[in-house]
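Student: Contents are mmCIF, C-alpha atoms; file name my_file.cif:
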```cif
data_protein
loop_
_atom_site.label_atom_id
_atom_site.label_comp_id
_atom_site.auth_asym_id
_atom_site.auth_seq_id
_atom_site.Cartn_x
_atom_site.Cartn_y
_atom_site.Cartn_z
CA MET M 1 86.60 15.22 55.31
CA ALA M 2 84.21 13.70 52.78
CA LEU M 3 83.84 15.45 49.45
CA LYS M 4 80.64 17.40 48.75
CA ILE M 5 79.40 17.91 45.21
CA LEU M 6 76.66 20.13 43.80
CA VAL M 7 75.15 19.34 40.39
CA PHE M 8 73.49 22.46 39.04
CA GLY M 9 71.23 21.18 36.28
CA SER M 10 70.11 17.59 36.81
CA GLY M 11 69.09 16.80 33.27
CA SER M 12 70.73 14.14 31.13
CA ILE M 13 74.40 15.12 31.45
CA GLY M 14 74.30 16.18 35.08
CA THR M 15 72.50 13.05 36.25
CA VAL M 16 74.86 10.59 34.56
CA TYR M 17 77.92 12.33 36.02
CA ALA M 18 76.21 12.50 39.41
CA TYR M 19 75.82 8.72 39.16
CA ILE M 20 79.47 8.23 38.18
CA LEU M 21 80.59 10.38 41.10
CA SER M 22 78.21 8.53 43.46
CA ARG M 23 80.38 5.45 42.97
CA VAL M 24 83.14 7.35 44.78
CA VAL M 25 81.28 9.89 46.93
CA SER M 26 78.34 8.98 49.16
CA PRO M 27 75.05 9.99 47.47
CA GLU M 28 74.09 11.89 50.61
CA ASN M 29 76.99 14.24 49.84
CA ILE M 30 75.80 14.85 46.27
CA VAL M 31 73.15 17.55 45.86
CA CYS M 32 71.20 17.87 42.61
CA VAL M 33 69.37 21.07 41.68
CA CYS M 34 66.37 20.09 39.56
CA ARG M 35 63.68 21.94 37.68
CA SER M 36 61.07 20.04 35.66
CA ASN M 37 62.06 16.66 37.17
CA TYR M 38 62.20 17.90 40.77
CA GLN M 39 59.10 16.11 42.06
CA ALA M 40 60.03 12.78 40.47
CA GLY M 41 63.67 13.04 41.54
CA ARG M 42 62.77 13.93 45.11
CA LYS M 43 60.23 11.14 45.44
CA ASN M 44 61.96 8.27 43.66
CA GLY M 45 65.51 9.38 42.93
CA PHE M 46 66.91 8.97 39.41
CA ARG M 47 66.86 5.86 37.24
CA ILE M 48 69.40 5.22 34.48
CA ASP M 49 69.48 2.51 31.83
CA SER M 50 73.01 2.56 30.45
CA SER M 51 74.66 0.32 27.86
CA ILE M 52 77.98 1.06 29.62
CA PHE M 53 77.22 1.16 33.35
CA GLY M 54 74.22 -1.17 33.51
CA ARG M 55 70.44 -1.27 33.40
CA GLY M 56 68.06 -0.27 36.15
CA LEU M 57 70.59 1.89 37.98
CA THR M 58 69.28 4.08 40.77
CA LEU M 59 70.70 7.26 42.24
CA LYS M 60 69.26 8.86 45.37
CA PRO M 61 71.15 12.08 46.11
CA GLN M 62 69.91 15.10 47.97
CA VAL M 63 67.37 16.77 45.63
CA VAL M 64 66.52 20.47 45.82
CA GLU M 65 64.66 22.90 43.60
CA THR M 66 66.88 25.99 43.87
CA VAL M 67 70.50 26.92 44.38
CA GLU M 68 69.49 28.78 47.53
CA GLN M 69 68.15 25.55 49.03
CA SER M 70 71.35 23.70 48.13
CA ALA M 71 73.47 26.15 50.16
CA ALA M 72 72.33 24.44 53.36
CA PHE M 73 74.19 21.27 52.35
CA GLY M 74 77.53 22.97 51.65
CA PRO M 75 80.29 23.97 51.60
CA TYR M 76 81.08 22.29 48.30
CA ASP M 77 84.32 20.95 46.92
CA TYR M 78 82.90 20.80 43.38
CA VAL M 79 80.07 22.62 41.62
CA LEU M 80 79.17 20.96 38.32
CA VAL M 81 77.29 23.28 35.96
CA SER M 82 75.30 21.13 33.56
CA THR M 83 72.52 23.53 32.67
CA LYS M 84 71.97 24.62 29.09
CA ALA M 85 74.41 27.39 28.12
CA ILE M 86 71.84 30.15 27.73
CA SER M 87 71.59 33.70 29.05
CA THR M 88 69.27 34.15 32.01
CA SER M 89 68.35 36.90 34.44
CA PRO M 90 69.89 36.61 36.96
CA SER M 91 72.78 34.86 35.23
CA TYR M 92 73.80 31.34 36.18
CA PRO M 93 77.23 32.48 37.48
CA SER M 94 75.60 35.00 39.80
CA LEU M 95 73.15 32.38 41.11
CA LEU M 96 76.10 30.27 42.23
CA ARG M 97 77.43 32.89 44.65
CA ALA M 98 75.54 31.14 47.43
CA VAL M 99 77.41 27.86 46.91
CA VAL M 100 80.89 28.74 45.62
CA THR M 101 83.44 29.10 48.40
CA GLN M 102 86.38 31.22 47.33
CA PRO M 103 88.98 30.04 46.51
CA THR M 104 88.42 26.37 47.31
CA THR M 105 85.37 25.27 45.27
CA THR M 106 86.26 23.85 41.87
CA ILE M 107 83.73 24.91 39.20
CA VAL M 108 83.22 22.40 36.38
CA LEU M 109 81.42 23.53 33.21
CA LEU M 110 79.69 20.63 31.44
CA GLN M 111 78.20 22.74 28.68
CA ASN M 112 78.12 23.07 24.91
CA GLY M 113 79.63 25.77 22.75
CA ILE M 114 82.64 28.05 22.89
CA ASP M 115 83.51 31.22 24.80
CA THR M 116 81.07 30.46 27.61
CA GLU M 117 83.59 30.59 30.47
CA SER M 118 84.46 34.28 30.78
CA GLU M 119 81.65 35.34 33.14
CA TYR M 120 82.52 32.55 35.56
CA ALA M 121 86.21 33.46 35.37
CA SER M 122 85.44 37.13 36.02
CA MET M 123 83.15 36.41 38.97
CA TYR M 124 85.33 33.70 40.56
CA PRO M 125 88.91 34.60 39.56
CA ASN M 126 90.55 32.66 42.39
CA ASN M 127 88.62 29.40 42.00
CA PRO M 128 89.72 26.55 39.77
CA LEU M 129 87.53 26.75 36.65
CA LEU M 130 87.37 23.62 34.51
CA SER M 131 85.98 23.73 30.99
CA CYS M 132 84.85 20.45 29.46
CA ALA M 133 83.81 18.88 26.18
CA VAL M 134 81.27 16.14 26.87
CA TYR M 135 80.43 13.19 24.64
CA LEU M 136 77.47 11.48 26.30
CA PRO M 137 74.40 10.40 24.28
CA VAL M 138 71.71 10.29 26.95
CA THR M 139 68.01 11.11 26.84
CA GLN M 140 65.54 11.81 29.63
CA VAL M 141 62.62 9.64 28.51
CA SER M 142 60.36 10.64 31.41
CA PRO M 143 60.91 12.77 34.53
CA ALA M 144 64.08 11.52 36.31
CA VAL M 145 64.36 8.46 34.01
CA PHE M 146 67.30 8.36 31.58
CA VAL M 147 68.55 6.15 28.77
CA HIS M 148 72.29 6.30 28.09
CA GLN M 149 73.78 4.85 24.92
CA ASP M 150 77.23 3.50 24.12
CA LEU M 151 79.59 6.45 24.64
CA GLU M 152 80.94 8.39 27.63
CA LYS M 153 83.98 10.61 27.23
CA LEU M 154 84.83 13.75 29.16
CA HIS M 155 87.60 16.10 28.01
CA VAL M 156 88.77 18.42 30.79
CA GLY M 157 91.08 21.43 31.02
CA THR M 158 91.50 24.64 32.97
CA TYR M 159 90.18 27.99 31.88
CA PRO M 160 92.28 29.74 30.90
CA ALA M 161 94.85 27.28 29.59
CA ASN M 162 97.61 29.15 31.47
CA ALA M 163 95.81 28.93 34.81
CA PRO M 164 97.88 28.77 38.03
CA GLN M 165 99.52 25.46 38.92
CA GLU M 166 97.10 24.80 41.77
CA HIS M 167 94.22 25.06 39.30
CA LYS M 168 95.99 22.58 37.02
CA GLU M 169 96.30 20.23 39.97
CA ALA M 170 92.59 20.63 40.72
CA ALA M 171 91.83 19.61 37.12
CA GLY M 172 93.95 16.48 37.54
CA GLU M 173 92.17 15.64 40.79
CA PHE M 174 88.77 15.91 39.11
CA VAL M 175 89.85 13.68 36.22
CA ARG M 176 91.07 11.07 38.70
CA LEU M 177 87.77 11.29 40.60
CA ILE M 178 85.79 10.60 37.41
CA ALA M 179 88.09 7.68 36.60
CA LYS M 180 87.56 6.18 40.07
CA GLY M 181 83.83 6.28 39.39
CA GLY M 182 84.30 4.32 36.18
CA GLY M 183 84.08 7.28 33.80
CA SER M 184 86.40 8.16 30.94
CA ALA M 185 88.07 11.53 31.46
CA VAL M 186 91.05 13.01 29.64
CA LEU M 187 93.08 15.99 30.88
CA HIS M 188 94.24 18.58 28.31
CA ASP M 189 96.67 21.48 28.53
CA ASP M 190 94.37 23.47 26.21
CA ILE M 191 90.78 22.27 26.34
CA GLN M 192 89.67 24.75 23.67
CA LEU M 193 90.88 22.49 20.87
CA GLU M 194 88.46 19.83 22.07
CA ARG M 195 85.64 22.36 22.36
CA TRP M 196 86.23 23.57 18.79
CA THR M 197 86.41 19.96 17.59
CA LYS M 198 83.02 19.23 19.12
CA LEU M 199 81.63 22.52 17.81
CA LEU M 200 82.28 21.37 14.23
CA GLY M 201 79.43 18.90 14.55
CA ASN M 202 77.38 20.69 17.20
CA ALA M 203 77.08 24.03 15.40
CA THR M 204 76.07 22.21 12.23
CA TRP M 205 73.61 19.54 13.28
CA ASN M 206 71.89 21.38 16.11
CA PRO M 207 70.41 24.27 14.07
CA VAL M 208 69.95 22.25 10.88
CA CYS M 209 68.04 19.49 12.66
CA ALA M 210 66.02 21.89 14.80
CA LEU M 211 64.94 23.95 11.80
CA THR M 212 64.03 20.93 9.68
CA ARG M 213 62.61 18.76 12.50
CA SER M 214 64.87 15.98 11.27
CA ARG M 215 67.52 13.83 12.89
CA ASP M 216 70.99 13.87 11.34
CA VAL M 217 70.66 10.74 9.18
CA GLN M 218 67.15 11.75 8.15
CA PHE M 219 68.44 15.12 6.95
CA LEU M 220 71.37 13.64 5.01
CA ARG M 221 68.99 11.30 3.16
CA SER M 222 66.32 13.93 2.55
CA SER M 223 67.69 15.23 -0.77
CA GLY M 224 70.65 15.19 -3.11
CA HIS M 225 71.69 18.61 -1.83
CA ALA M 226 71.79 17.81 1.90
CA ARG M 227 75.31 16.37 2.07
CA GLU M 228 76.97 19.25 0.25
CA TYR M 229 75.04 21.77 2.36
CA VAL M 230 76.24 20.16 5.60
CA ARG M 231 79.78 20.00 4.21
CA SER M 232 79.69 23.71 3.33
CA VAL M 233 78.49 24.68 6.81
CA MET M 234 81.27 22.62 8.36
CA TYR M 235 83.77 24.29 6.06
CA GLU M 236 82.79 27.69 7.43
CA ILE M 237 83.15 26.45 11.03
CA SER M 238 86.55 24.91 10.34
CA SER M 239 87.68 28.15 8.67
CA VAL M 240 86.86 30.10 11.83
CA ALA M 241 88.55 27.47 14.02
CA GLN M 242 91.72 27.62 11.94
CA ALA M 243 91.72 31.42 12.04
CA ALA M 244 91.47 31.12 15.83
CA GLY M 245 94.58 28.92 15.84
CA TYR M 246 93.07 25.42 15.91
CA LYS M 247 94.53 24.08 12.67
CA THR M 248 93.47 20.46 13.14
CA VAL M 249 89.79 21.41 13.00
CA SER M 250 89.74 20.99 9.24
CA GLN M 251 87.49 20.19 6.31
CA GLN M 252 88.96 16.69 6.38
CA MET M 253 87.69 16.31 9.93
CA GLY M 254 84.28 17.46 8.76
CA ASP M 255 84.27 14.96 5.90
CA MET M 256 85.11 12.14 8.31
CA HIS M 257 82.29 13.28 10.59
CA ILE M 258 79.81 13.19 7.69
CA ARG M 259 80.94 9.70 6.68
CA ASN M 260 80.37 8.49 10.25
CA ILE M 261 76.83 9.86 10.20
CA GLU M 262 76.16 8.34 6.75
CA ALA M 263 77.13 4.92 8.10
CA LYS M 264 74.40 5.01 10.74
CA ASP M 265 70.91 3.63 10.41
CA LEU M 266 67.78 5.74 10.23
CA PRO M 267 66.56 7.82 11.96
CA GLY M 268 69.94 8.84 13.44
CA ASN M 269 70.84 11.03 16.41
CA GLU M 270 68.54 13.65 17.89
CA PRO M 271 70.66 16.73 18.72
CA SER M 272 69.73 18.65 21.87
CA MET M 273 68.46 21.63 19.88
CA LEU M 274 66.02 19.40 18.01
CA ALA M 275 64.73 17.97 21.30
CA ASP M 276 64.31 21.51 22.63
CA ALA M 277 62.57 22.70 19.47
CA LEU M 278 60.12 19.79 19.51
CA SER M 279 59.26 20.70 23.11
CA GLY M 280 59.18 24.46 22.54
CA ARG M 281 62.10 25.10 24.91
CA ARG M 282 64.77 27.80 24.69
CA MET M 283 67.92 26.75 22.82
CA GLU M 284 71.67 27.33 23.10
CA VAL M 285 71.73 29.75 20.19
CA ASP M 286 74.59 32.02 21.23
CA ALA M 287 76.78 29.35 22.82
CA LEU M 288 76.76 27.36 19.58
CA LEU M 289 76.36 30.00 16.87
CA GLY M 290 76.42 33.55 18.23
CA ASN M 291 79.84 33.21 19.83
CA LEU M 292 81.11 31.47 16.70
CA LEU M 293 80.00 34.39 14.52
CA ALA M 294 81.64 36.84 16.93
CA ARG M 295 84.90 34.93 16.43
CA ALA M 296 84.39 35.00 12.66
CA ASP M 297 84.00 38.78 12.78
CA ARG M 298 87.10 39.11 14.92
CA HIS M 299 89.19 37.15 12.44
CA GLY M 300 87.56 38.47 9.24
CA VAL M 301 86.18 35.10 8.13
CA GLN M 302 83.16 35.14 5.80
CA THR M 303 80.34 32.89 7.06
CA PRO M 304 77.16 33.48 5.03
CA LEU M 305 75.65 30.05 5.69
CA LEU M 306 76.23 30.28 9.44
CA ARG M 307 74.72 33.77 9.52
CA GLY M 308 71.62 32.47 7.78
CA LEU M 309 71.34 29.59 10.24
CA TYR M 310 71.78 31.98 13.16
CA ALA M 311 69.08 34.38 11.93
CA GLN M 312 66.58 31.54 11.54
CA ILE M 313 67.34 29.63 14.75
CA ALA M 314 67.42 32.88 16.77
CA ALA M 315 63.95 33.76 15.46
CA LEU M 316 62.66 30.28 16.32
CA ASP M 317 64.16 30.53 19.81
CA GLU M 318 62.59 33.96 20.30
CA SER M 319 59.21 32.53 19.35
CA PHE M 320 59.56 29.98 22.15
CA GLY M 321 60.39 32.82 24.54
CA ARG M 322 57.26 34.73 23.53
CA ARG M 323 55.15 31.63 24.04
CA SER M 324 56.56 30.83 27.48
CA GLY M 325 57.12 34.39 28.66
CA SER M 326 60.72 33.55 29.59
CA LYS M 327 63.38 36.23 29.69
CA ILE M 328 66.77 36.13 28.10
#
```
Can you present the structure in this file as structure tokens?
Tutor:
Amino acid sequence: MALKILVFGSGSIGTVYAYILSRVVSPENIVCVCRSNYQAGRKNGFRIDSSIFGRGLTLKPQVVETVEQSAAFGPYDYVLVSTKAISTSPSYPSLLRAVVTQPTTTIVLLQNGIDTESEYASMYPNNPLLSCAVYLPVTQVSPAVFVHQDLEKLHVGTYPANAPQEHKEAAGEFVRLIAKGGGSAVLHDDIQLERWTKLLGNATWNPVCALTRSRDVQFLRSSGHAREYVRSVMYEISSVAQAAGYKTVSQQMGDMHIRNIEAKDLPGNEPSMLADALSGRRMEVDALLGNLLARADRHGVQTPLLRGLYAQIAALDESFGRRSGSKI
């Protein structure tokens, strides 16, 4: 029987992986749940200009506006969750009850941050749950139109790391599926190391750039104090990571990350939080910073700079909520 795939959150990440999977699975068996780009996606499909996969690519999956509507196209072998990792009411895991078949549907989390998997694991204890670290610079330049730059790497592992063997096998099957579609996926015994590694940059640049309305290179070149400030924030993150058992997430890794950013041309990368802030959208505050501070408290690590960033970015995020009337 042909595979069926649901993409919950057809923004930048979800759409590119829907395209990759469409090279293996018929687009009619891929269902994309859209929000702001629903009308454009339904009418014209999705267009992708990619420096890796090609220019002028088109994807015409089934396009729906709600999870409830997508249930009619199931049952699903895979549910890819590529929404922002924010709290909602009802929660994203609870919304998926209509489309997750227990225990056969594999749930794939393509989201930022750390410690975002537990609610899914609690609600769907018998389903394979795959946690991922995604490296995919892609921007939605207009509704359902995307520009993808020169990197695509997906790190995949089960949650928890000691999941049953059949869940490990499901992770391997998903990695092979991505590879067949031309993507770059790597399977890990413990995916959390990769998530912490990504967090080192994500939890630094996202709030700093959002608060200053600057891209990463712009911020580094803004004053003589910027580099040392970024380095100090990364030191706090690496200290929490090492206390959590991830010893390779070090200050040396942070220094290498800063050097890579310094080597780039202006204006630099636009982190997702900066894009959200410029558009007045809610941001992944807890997934990137709140959960990190909870870990710091648990391990007794002092993080004054991160706490200051959290207080400011949380207030900014709350102001967007007041403006839009959204609930968290």
Student: Which distance in Å separates CA of Ile30 in chain M and CA of Ala170 in chain M, to one decimal?
Tutor: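 Distance between the two atoms: 18.6 Å.
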Student: Go through M:Gly182, M:Gly201, M:Pro160, M:Gly280 and flag the residue nearest Met256 in chain M, using all atoms listed in the file for the distances.
Tutor: M:Gly201
Student: Taking the file above as input, evaluate the PyMOL selection byres ((chain M and resi 140) around 12) and report the hits as a PyMOL selection string.
Tutor: chain M and resi 10-16+36-37+46-50+137-139+141-149+272+275
Student: Determine the nearest neighbour of Leu130 in chain M from the options M:Arg231, M:Ile86, M:Gln192, M:Ser70, counting all atoms listed in the file.
Tutor: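 Using all atoms listed in the file, the shortest distance to Leu130 in chain M belongs to M:Gln192.
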Student: Write out as a ChimeraX atom specification which residues come within 12 Å of Ser232 in chain M when counting only C-alpha atoms, dropping same-chain ones fewer than 2 positions away.
Tutor: /M:200,204,225-230,234-239,250-251,254-255,258,303-306
Student: Restrict the selected residues to C-alpha atoms and save them as a JSON list (two decimals), keeping the file's coordinate frame.
Tutor:
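Heads up, here's the output in again_18.json:
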```
[["chain", "number", "residue", "atom", "x", "y", "z"],
["M", 200, "LEU", "CA", 82.28, 21.37, 14.23],
["M", 204, "THR", "CA", 76.07, 22.21, 12.23],
["M", 225, "HIS", "CA", 71.69, 18.61, -1.83],
["M", 226, "ALA", "CA", 71.79, 17.81, 1.90],
["M", 227, "ARG", "CA", 75.31, 16.37, 2.07],
["M", 228, "GLU", "CA", 76.97, 19.25, 0.25],
["M", 229, "TYR", "CA", 75.04, 21.77, 2.36],
["M", 230, "VAL", "CA", 76.24, 20.16, 5.60],
["M", 234, "MET", "CA", 81.27, 22.62, 8.36],
["M", 235, "TYR", "CA", 83.77, 24.29, 6.06],
["M", 236, "GLU", "CA", 82.79, 27.69, 7.43],
["M", 237, "ILE", "CA", 83.15, 26.45, 11.03],
["M", 238, "SER", "CA", 86.55, 24.91, 10.34],
["M", 239, "SER", "CA", 87.68, 28.15, 8.67],
["M", 250, "SER", "CA", 89.74, 20.99, 9.24],
["M", 251, "GLN", "CA", 87.49, 20.19, 6.31],
["M", 254, "GLY", "CA", 84.28, 17.46, 8.76],
["M", 255, "ASP", "CA", 84.27, 14.96, 5.90],
["M", 258, "ILE", "CA", 79.81, 13.19, 7.69],
["M", 303, "THR", "CA", 80.34, 32.89, 7.06],
["M", 304, "PRO", "CA", 77.16, 33.48, 5.03],
["M", 305, "LEU", "CA", 75.65, 30.05, 5.69],
["M", 306, "LEU", "CA", 76.23, 30.28, 9.44]]
```
Student: Would you kindly translate the PyMOL selection byres ((chain M and resi 1) around 12) into the concrete residues it picks from this file, as a ChimeraX atom specification?
Tutor: /M:2-4,25,29,75-77
